[in-house]
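Colleague: The following block contains the structure, expressed as structure tokens.
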Amino acid sequence: MTEISPRLAAGWLRIQTRAARRSVVPVVAAGLAGTVLGIAQAFCAAWVLHDGLAGRGLPLLALAVFAGLAVLRAGIGMAAEHLAFAAGASARRRMRSEALSKMLAAGPALLRQAHSGELAATVVDRVEALNGLFASWMPAAILAMAAPALVIVPLLPFDPHAAAILLGVGLLVPVGMAVAGIGAAAASRRQFAALSRLQARFLDRVRGITTIVLSGRADDEALAIGRSADELRARTMRVLRVAFLSSSVLDCAFAIAIIAFAVRYGSLLAAGSLSRPWVALFALLLVAEFFAPLRAFALAYADKMHAQGAAGPLASLPDLPAEPAEVKVRTVEARGVSVAFEDVHLTWDPARGPALDGLSFRVPAGEILVLAGPSGAGKSTVIEILLGFAKPDSGRVTINGADIATLVPASLSRLIAWIGQKPVLFAGSVRENIRFARPEASDEDVAEAAKFAKLDGIGLETVLGEAGFGLSGGQAQRVAIARAFLRNAPVLLLDEPTSHLDPVTEAEVLESLKRLTVGRTVILASHSAAAHAFGGRRLDLRAGRAAVAA
């Protein structure tokens with residue numbers, strides 16, 4: 001992916017935090033309740049210490065109250081942990097669902113902008129990295145302001161000077177952490193970039209492991225992956241160093257507060273003017289309560305910086321298109337569907353020029369159009385537009401006169417069947433892979449589709465590995481043909497369906513495809529001479545334009 005503006009990521013994070021505010025309210029409430037109980041415990045502890053040092057014995061009531069408050073506070077702390085986890089899980093579910101929806105809406109065209117490994121890291125690792133923002137940072141940021149104020153309030157009537165000392169030292173903490181946080185955000189962004197590069201490199205090498213081994217490049221590629229892993233390790237350690245720096249700021253502030261109180265009350269004690277020693281004890285015990293929410297804030301501050309580093313690719317995902325009102329379209333059993341392109345322009349990358357440059361053609365119902373031309377002429381782009389994976393920059397694409405931009409995806413999907421170069425097959429039985437085209441189909445319908453595609457030599461219960469492992473290229477294409485037959489859509493799109501097959505298998509597959517095209521509107525994009533003998537009208541494309549029609 002391209003470099004993402006930090007401002008864009010920050011704006012996206014603000015939207016996400018607003019959406020999650022309600023879920024962190026119970027966490028904040030539990031935190032404030034714990035602070036109130038902590039103040040009460042400090043008062044009881046000061047009471048016990050004062051009476052013990054004065055030789056009056058231990059006040060049993062204060063000890064009993066202290067023990068009861070400790071148990072209650074522990075219970076509230078556990079509840080706060082569960083509520084924080086629930087808030088983080090809810091936010092992750094929402095963001096992951098939103099990211100997946102955007103990726104599915106963008107379709108395969110998104111792979112032109114980002115590697116599939118980066119996309120996987122975005123929807124898995126980067127969403128997980130945002131958990132701390134909602135489970136820790138948001139409640140900690142509120143408690144860092146509200147909880148210290150609660151601590152100062154009971155101290156004000158007894159010793160305003162001590163309250164002022166706590167307030168002044170507390171204000172130094174956010175300033176110091178903000179300075180450290182600037183470096184943390186930059187380090188976190190670089191760490192995630194290194195992680196994405198490592199994941200993309202590793203995925204590419206796994207996909208091409210056979211070629212790498214046969215070409216004798218295994219050792220070189222292992223060294224390259226090792227260098228990427230070392231880069232990630234180094235960047236991760238930089239993030240940790242910045243996080244420790246942030247924690248040191250808090251420790252210094254805590255030490256300053258303790259020293260200031262020791263000097264103040266020590267001088268009063270030496271001068272004989274310390275009239276209420278229990279107040280000094282109470283104030284000293286409140287220092288820990290005052291800094292507890294600030295310490296949680298300091299720990300969560302690293303989560304915020306980590307989230308800012310992770311949010312960029314999520315923020316850059318294309319927005320979901322506005323869903324138009326559904327237009328009445330023909331059912332999947334309908335015939336007589338025409339397709340037309342009217343002055344269509346589309347540019348994937350301005351540096352490479354337009355993919356389609358004013359393309360216009362019409363395929364009447366029930367006819368076959370063969371798209372010819374060199375690689376990059378725009379054949380696959382035509383297919384992607386009809387599948388809804390891309391939208392023209394200008395011009396119109398119509399089906400039976402209706403602009404496909406006005407059709408909801410479900411309606412468009414019912415009208416079209418597609419067979420590409422390599423069918424998308426998954427681990428499971430052949431029957432399950434065929435039924436993927438129409439999940440509600442009966443076993444009889446699936447068996448009929450397999451028979452039509454001449455899959456007689458493969459049992460429907462044969463279990464395939466991931467990506468169709470166990471099938472030859474021709475058999476995989478026959479599964480795709482069976483899917484298209486089962487789908488029974490009026491428009492059939494064929495994108496280089498025999499490009500990787502040997503001549504004998506290609507001829508057999510083309511024979512099955514010819515039978516499949518009967519009664520359907522067909523657009524075939526192919527380099528193959530055998531495919532061009534498929535029949536139908538031919539349209540030559542050059543640089544995204546119609547060159548010759550015959």
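Labels for the structure tokens follow display order: chains A, B, ..., residues from 1 in each chain, ligands from 1.
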Please return, as an MDAnalysis selection string, all residues of segment 269-446 of chain A that DSSP assigns to strand (DSSP E) on the basis of the backbone.
Modeller: chainID A and resid 339:346 356:363 368:372 394:399 402:403 416:419 428:429
Colleague: If we count only C-alpha atoms and set the cut-off at 7 Å, which residues sit around segment 484-487 of chain A, ignoring sequence neighbours fewer than 4 positions away in its own chain? Please answer as a PyMOL selection string.
Modeller: chain A and resi 417-418+437-438+445-446+449+480+516
Colleague: For C-alpha atoms, I'd like the residues from the last selection saved as an mmCIF file, in the first residue's frame.
Modeller:
data_model
loop_
_atom_site.group_PDB
_atom_site.id
_atom_site.type_symbol
_atom_site.label_atom_id
_atom_site.label_comp_id
_atom_site.auth_asym_id
_atom_site.auth_seq_id
_atom_site.Cartn_x
_atom_site.Cartn_y
_atom_site.Cartn_z
ATOM 1 C CA ALA A 417 -21.929 -16.639 -14.440
ATOM 2 C CA TRP A 418 -18.166 -16.364 -14.776
ATOM 3 C CA ALA A 437 -22.526 -21.546 -7.274
ATOM 4 C CA ARG A 438 -26.041 -22.098 -5.870
ATOM 5 C CA ASP A 445 -29.130 -30.597 -9.637
ATOM 6 C CA VAL A 446 -25.472 -30.895 -8.621
ATOM 7 C CA ALA A 449 -24.260 -30.175 -13.518
ATOM 8 C CA ALA A 480 -16.064 -24.258 -12.992
ATOM 9 C CA LEU A 516 -22.922 -24.224 -22.085
#
Colleague: Quote the spacing between atom CA of Val206 of chain A and atom CA of Ala224 of chain A in Å to one decimal place.
Modeller: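 Interatomic distance here is 13.4 Å.
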Colleague: Would you mind listing what lies within 8 Å of Leu250 of chain A as a PyMOL selection string, with only C-alpha atoms counted and same-chain residues fewer than 6 positions away left out?
Modeller: chain A and resi 173+294-295+298
Colleague: Near Lys391 of chain A, counting only C-alpha atoms, which residues have an atom at most 9 Å away, once you skip same-chain residues fewer than 6 positions from it, shown as a ChimeraX atom specification?
Modeller: /A:346,384-385,405
Colleague: Would you save the residues from that selection as an mmCIF file, in the first residue's frame, using C-alpha atoms?
Modeller:
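What follows is the written file again.cif:
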data_model
loop_
_atom_site.group_PDB
_atom_site.id
_atom_site.type_symbol
_atom_site.label_atom_id
_atom_site.label_comp_id
_atom_site.auth_asym_id
_atom_site.auth_seq_id
_atom_site.Cartn_x
_atom_site.Cartn_y
_atom_site.Cartn_z
ATOM 1 C CA LEU A 346 -11.613 3.607 -16.829
ATOM 2 C CA GLU A 384 -14.298 -6.984 -14.125
ATOM 3 C CA ILE A 385 -16.752 -4.144 -14.827
ATOM 4 C CA ALA A 405 -24.740 0.963 -11.357
#
Colleague: Give me the residues within 9 Å of Gly358 of chain A as a PDB file with N, CA and C atoms, in the first residue's frame, counting only C-alpha atoms and dropping any in the same chain fewer than 4 places off.
Modeller:
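File written: part.pdb
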ATOM      1  N   GLU A 342     -21.222   1.887 -23.366  1.00  0.00           N
ATOM      2  CA  GLU A 342     -21.450   3.153 -24.057  1.00  0.00           C
ATOM      3  C   GLU A 342     -20.402   4.169 -23.632  1.00  0.00           C
ATOM      4  N   ASP A 343     -19.381   4.365 -24.482  1.00  0.00           N
ATOM      5  CA  ASP A 343     -18.322   5.360 -24.252  1.00  0.00           C
ATOM      6  C   ASP A 343     -17.724   5.220 -22.843  1.00  0.00           C
ATOM      7  N   VAL A 344     -17.257   4.015 -22.530  1.00  0.00           N
ATOM      8  CA  VAL A 344     -16.767   3.714 -21.179  1.00  0.00           C
ATOM      9  C   VAL A 344     -15.287   4.061 -21.060  1.00  0.00           C
ATOM     10  N   HIS A 345     -14.961   4.816 -20.019  1.00  0.00           N
ATOM     11  CA  HIS A 345     -13.569   5.160 -19.700  1.00  0.00           C
ATOM     12  C   HIS A 345     -13.254   4.634 -18.295  1.00  0.00           C
ATOM     13  N   LEU A 346     -12.064   4.072 -18.140  1.00  0.00           N
ATOM     14  CA  LEU A 346     -11.613   3.607 -16.829  1.00  0.00           C
ATOM     15  C   LEU A 346     -10.093   3.637 -16.799  1.00  0.00           C
ATOM     16  N   SER A 394     -16.322   7.052 -16.388  1.00  0.00           N
ATOM     17  CA  SER A 394     -17.409   7.725 -17.107  1.00  0.00           C
ATOM     18  C   SER A 394     -17.984   6.741 -18.117  1.00  0.00           C
ATOM     19  N   GLY A 395     -19.123   7.088 -18.686  1.00  0.00           N
ATOM     20  CA  GLY A 395     -19.798   6.194 -19.607  1.00  0.00           C
ATOM     21  C   GLY A 395     -20.789   5.305 -18.873  1.00  0.00           C
ATOM     22  N   GLY A 544      -7.477  -0.195 -24.976  1.00  0.00           N
ATOM     23  CA  GLY A 544      -8.767   0.131 -24.404  1.00  0.00           C
ATOM     24  C   GLY A 544      -9.798   0.637 -25.387  1.00  0.00           C
ATOM     25  N   ARG A 545      -9.517   0.518 -26.673  1.00  0.00           N
ATOM     26  CA  ARG A 545     -10.465   0.977 -27.697  1.00  0.00           C
ATOM     27  C   ARG A 545     -10.817  -0.165 -28.635  1.00  0.00           C
ATOM     28  N   ALA A 546     -11.992  -0.064 -29.240  1.00  0.00           N
ATOM     29  CA  ALA A 546     -12.401  -1.047 -30.238  1.00  0.00           C
ATOM     30  C   ALA A 546     -11.671  -0.737 -31.538  1.00  0.00           C
TER      31      ALA A 546
END
Colleague: Contacts of Val522 of chain A at 12 Å or less, counting only C-alpha atoms, minus same-chain residues fewer than 5 places along, as a PDB file with C-alpha atoms, in the first residue's frame?
Modeller:
ATOM      1  CA  ARG A 335     -33.196 -15.526 -21.488  1.00  0.00           C
ATOM      2  CA  GLY A 336     -32.844 -12.633 -23.855  1.00  0.00           C
ATOM      3  CA  VAL A 337     -30.422 -10.468 -21.860  1.00  0.00           C
ATOM      4  CA  SER A 338     -28.364  -7.934 -23.818  1.00  0.00           C
ATOM      5  CA  VAL A 339     -25.170  -6.172 -22.717  1.00  0.00           C
ATOM      6  CA  ARG A 362     -23.319  -4.048 -27.828  1.00  0.00           C
ATOM      7  CA  VAL A 363     -23.957  -7.765 -27.468  1.00  0.00           C
ATOM      8  CA  PRO A 364     -27.543  -8.643 -28.410  1.00  0.00           C
ATOM      9  CA  ALA A 365     -29.374 -11.278 -26.429  1.00  0.00           C
ATOM     10  CA  GLY A 366     -28.202 -14.815 -27.104  1.00  0.00           C
ATOM     11  CA  GLU A 367     -25.122 -13.799 -29.106  1.00  0.00           C
ATOM     12  CA  ILE A 368     -21.409 -14.489 -28.551  1.00  0.00           C
ATOM     13  CA  LEU A 369     -18.766 -11.745 -28.522  1.00  0.00           C
ATOM     14  CA  VAL A 370     -15.079 -12.712 -28.608  1.00  0.00           C
ATOM     15  CA  LEU A 371     -12.748 -10.039 -27.227  1.00  0.00           C
ATOM     16  CA  ILE A 383     -15.049  -8.639 -17.488  1.00  0.00           C
ATOM     17  CA  LEU A 386     -19.520  -6.597 -15.704  1.00  0.00           C
ATOM     18  CA  LEU A 415     -27.691 -12.509 -13.984  1.00  0.00           C
ATOM     19  CA  ILE A 416     -24.050 -13.490 -14.517  1.00  0.00           C
ATOM     20  CA  ALA A 417     -21.929 -16.639 -14.440  1.00  0.00           C
ATOM     21  CA  TRP A 418     -18.166 -16.364 -14.776  1.00  0.00           C
ATOM     22  CA  ILE A 419     -15.347 -18.769 -15.632  1.00  0.00           C
ATOM     23  CA  ALA A 489     -27.458 -17.370 -15.445  1.00  0.00           C
ATOM     24  CA  PRO A 490     -28.447 -15.709 -18.740  1.00  0.00           C
ATOM     25  CA  VAL A 491     -25.049 -13.993 -19.184  1.00  0.00           C
ATOM     26  CA  LEU A 492     -21.827 -16.028 -19.342  1.00  0.00           C
ATOM     27  CA  LEU A 493     -18.416 -14.351 -19.003  1.00  0.00           C
ATOM     28  CA  LEU A 494     -15.305 -16.315 -20.007  1.00  0.00           C
ATOM     29  CA  ASP A 495     -11.912 -14.804 -19.180  1.00  0.00           C
ATOM     30  CA  LEU A 513     -18.180 -24.494 -23.046  1.00  0.00           C
ATOM     31  CA  LYS A 514     -19.851 -24.456 -26.470  1.00  0.00           C
ATOM     32  CA  ARG A 515     -22.698 -26.532 -25.095  1.00  0.00           C
ATOM     33  CA  LEU A 516     -22.922 -24.224 -22.085  1.00  0.00           C
ATOM     34  CA  THR A 517     -23.299 -21.111 -24.273  1.00  0.00           C
ATOM     35  CA  PHE A 534     -15.540 -20.573 -30.777  1.00  0.00           C
ATOM     36  CA  GLY A 535     -17.893 -18.740 -33.093  1.00  0.00           C
ATOM     37  CA  GLY A 536     -19.681 -15.439 -32.718  1.00  0.00           C
ATOM     38  CA  ARG A 537     -18.646 -11.889 -33.451  1.00  0.00           C
ATOM     39  CA  ARG A 538     -15.064 -10.752 -32.823  1.00  0.00           C
TER      40      ARG A 538
END
Colleague: Tell me, as a PyMOL selection string, which residues lie within 9 Å of segment 150-154 of chain A, counting only C-alpha atoms; anything in the same chain fewer than 2 positions away does not count.
Modeller: chain A and resi 32+35-36+38-39+146-148+156-158+160+162-164+166-167+286-287+289-290
Colleague: Include N, CA and C atoms and write out the residues we just selected as a PDB file, in the first residue's frame.
Modeller:
ATOM      1  N   LEU A  32     -13.971   4.614  38.445  1.00  0.00           N
ATOM      2  CA  LEU A  32     -14.243   5.678  39.425  1.00  0.00           C
ATOM      3  C   LEU A  32     -14.679   5.084  40.765  1.00  0.00           C
ATOM      4  N   THR A  35     -11.650   4.009  42.545  1.00  0.00           N
ATOM      5  CA  THR A  35     -10.914   5.145  43.112  1.00  0.00           C
ATOM      6  C   THR A  35     -11.529   5.616  44.422  1.00  0.00           C
ATOM      7  N   VAL A  36     -12.861   5.700  44.453  1.00  0.00           N
ATOM      8  CA  VAL A  36     -13.556   6.109  45.687  1.00  0.00           C
ATOM      9  C   VAL A  36     -13.247   5.130  46.814  1.00  0.00           C
ATOM     10  N   GLY A  38     -10.591   3.301  47.015  1.00  0.00           N
ATOM     11  CA  GLY A  38      -9.192   3.481  47.366  1.00  0.00           C
ATOM     12  C   GLY A  38      -8.983   4.653  48.312  1.00  0.00           C
ATOM     13  N   ILE A  39      -9.724   5.743  48.097  1.00  0.00           N
ATOM     14  CA  ILE A  39      -9.630   6.895  49.014  1.00  0.00           C
ATOM     15  C   ILE A  39     -10.089   6.490  50.412  1.00  0.00           C
ATOM     16  N   ALA A 146     -10.511  12.301  35.591  1.00  0.00           N
ATOM     17  CA  ALA A 146     -11.556  12.287  36.622  1.00  0.00           C
ATOM     18  C   ALA A 146     -11.062  11.706  37.940  1.00  0.00           C
ATOM     19  N   ALA A 147     -10.318  10.597  37.890  1.00  0.00           N
ATOM     20  CA  ALA A 147      -9.909   9.932  39.129  1.00  0.00           C
ATOM     21  C   ALA A 147      -8.957  10.792  39.981  1.00  0.00           C
ATOM     22  N   PRO A 148      -7.898  11.420  39.413  1.00  0.00           N
ATOM     23  CA  PRO A 148      -7.064  12.296  40.250  1.00  0.00           C
ATOM     24  C   PRO A 148      -7.850  13.461  40.868  1.00  0.00           C
ATOM     25  N   LEU A 156      -8.409  18.526  49.937  1.00  0.00           N
ATOM     26  CA  LEU A 156      -8.478  19.996  49.963  1.00  0.00           C
ATOM     27  C   LEU A 156      -8.859  20.571  51.327  1.00  0.00           C
ATOM     28  N   PRO A 157      -9.894  20.074  52.010  1.00  0.00           N
ATOM     29  CA  PRO A 157     -10.275  20.695  53.287  1.00  0.00           C
ATOM     30  C   PRO A 157      -9.216  20.562  54.370  1.00  0.00           C
ATOM     31  N   PHE A 158      -8.404  19.488  54.296  1.00  0.00           N
ATOM     32  CA  PHE A 158      -7.426  19.232  55.347  1.00  0.00           C
ATOM     33  C   PHE A 158      -6.077  19.884  55.071  1.00  0.00           C
ATOM     34  N   PRO A 160      -4.777  22.182  51.756  1.00  0.00           N
ATOM     35  CA  PRO A 160      -4.820  22.704  50.383  1.00  0.00           C
ATOM     36  C   PRO A 160      -3.446  22.725  49.716  1.00  0.00           C
ATOM     37  N   ALA A 162      -0.985  20.553  50.054  1.00  0.00           N
ATOM     38  CA  ALA A 162      -0.690  19.206  49.562  1.00  0.00           C
ATOM     39  C   ALA A 162      -1.488  18.907  48.295  1.00  0.00           C
ATOM     40  N   ALA A 163      -2.750  19.354  48.270  1.00  0.00           N
ATOM     41  CA  ALA A 163      -3.572  19.155  47.081  1.00  0.00           C
ATOM     42  C   ALA A 163      -2.973  19.890  45.887  1.00  0.00           C
ATOM     43  N   ALA A 164      -2.440  21.100  46.125  1.00  0.00           N
ATOM     44  CA  ALA A 164      -1.825  21.870  45.042  1.00  0.00           C
ATOM     45  C   ALA A 164      -0.561  21.182  44.524  1.00  0.00           C
ATOM     46  N   LEU A 166       0.021  17.913  44.495  1.00  0.00           N
ATOM     47  CA  LEU A 166      -0.423  16.792  43.665  1.00  0.00           C
ATOM     48  C   LEU A 166      -0.891  17.257  42.292  1.00  0.00           C
ATOM     49  N   LEU A 167      -1.656  18.356  42.294  1.00  0.00           N
ATOM     50  CA  LEU A 167      -2.164  18.865  41.024  1.00  0.00           C
ATOM     51  C   LEU A 167      -1.028  19.309  40.106  1.00  0.00           C
ATOM     52  N   LEU A 286      -2.437   8.874  49.767  1.00  0.00           N
ATOM     53  CA  LEU A 286      -3.207   9.260  48.585  1.00  0.00           C
ATOM     54  C   LEU A 286      -2.332   9.446  47.348  1.00  0.00           C
ATOM     55  N   VAL A 287      -1.018   9.589  47.543  1.00  0.00           N
ATOM     56  CA  VAL A 287      -0.137   9.757  46.383  1.00  0.00           C
ATOM     57  C   VAL A 287      -0.251   8.544  45.457  1.00  0.00           C
ATOM     58  N   GLU A 289      -2.807   6.513  45.195  1.00  0.00           N
ATOM     59  CA  GLU A 289      -4.120   6.542  44.541  1.00  0.00           C
ATOM     60  C   GLU A 289      -4.174   7.598  43.442  1.00  0.00           C
ATOM     61  N   PHE A 290      -3.495   8.701  43.654  1.00  0.00           N
ATOM     62  CA  PHE A 290      -3.480   9.784  42.667  1.00  0.00           C
ATOM     63  C   PHE A 290      -2.782   9.333  41.385  1.00  0.00           C
TER      64      PHE A 290
END
Colleague: Between atom CA of Ala193 of chain A and atom CA of Arg126 of chain A, what is the distance, to one decimal in Å?
Modeller: 10.8 Å
Colleague: From a backbone DSSP assignment, name each residue in segment 346-420 of chain A labelled alpha helix (DSSP H), as a ChimeraX atom specification.
Modeller: /A:379-386,409-415
Colleague: Using only C-alpha atoms, please write the residues we just selected to a file, as a compact mmCIF listing (two decimals), in the first residue's frame.
Modeller:
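Saved result, part-v4.txt, follows:
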# COMPACT_ATOMS: atom_id res chain seq x y z
CA LYS A 379 -10.22 -7.50 -22.13
CA SER A 380 -10.11 -8.45 -18.44
CA THR A 381 -11.19 -4.94 -17.47
CA VAL A 382 -14.42 -5.43 -19.43
CA ILE A 383 -15.05 -8.64 -17.49
CA GLU A 384 -14.30 -6.98 -14.12
CA ILE A 385 -16.75 -4.14 -14.83
CA LEU A 386 -19.52 -6.60 -15.70
CA PRO A 409 -25.00 -6.66 -6.23
CA ALA A 410 -27.37 -9.56 -5.54
CA SER A 411 -29.43 -8.73 -8.63
CA LEU A 412 -26.33 -8.41 -10.81
CA SER A 413 -24.92 -11.66 -9.44
CA ARG A 414 -28.08 -13.58 -10.37
CA LEU A 415 -27.69 -12.51 -13.98
Colleague: Hey, which of A:Phe297, A:Phe452, A:Phe341, A:Phe469 ends up closest to Leu143 of chain A? Count only C-alpha atoms.
Modeller: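 For Leu143 of chain A, the nearest of the candidates is A:Phe297.
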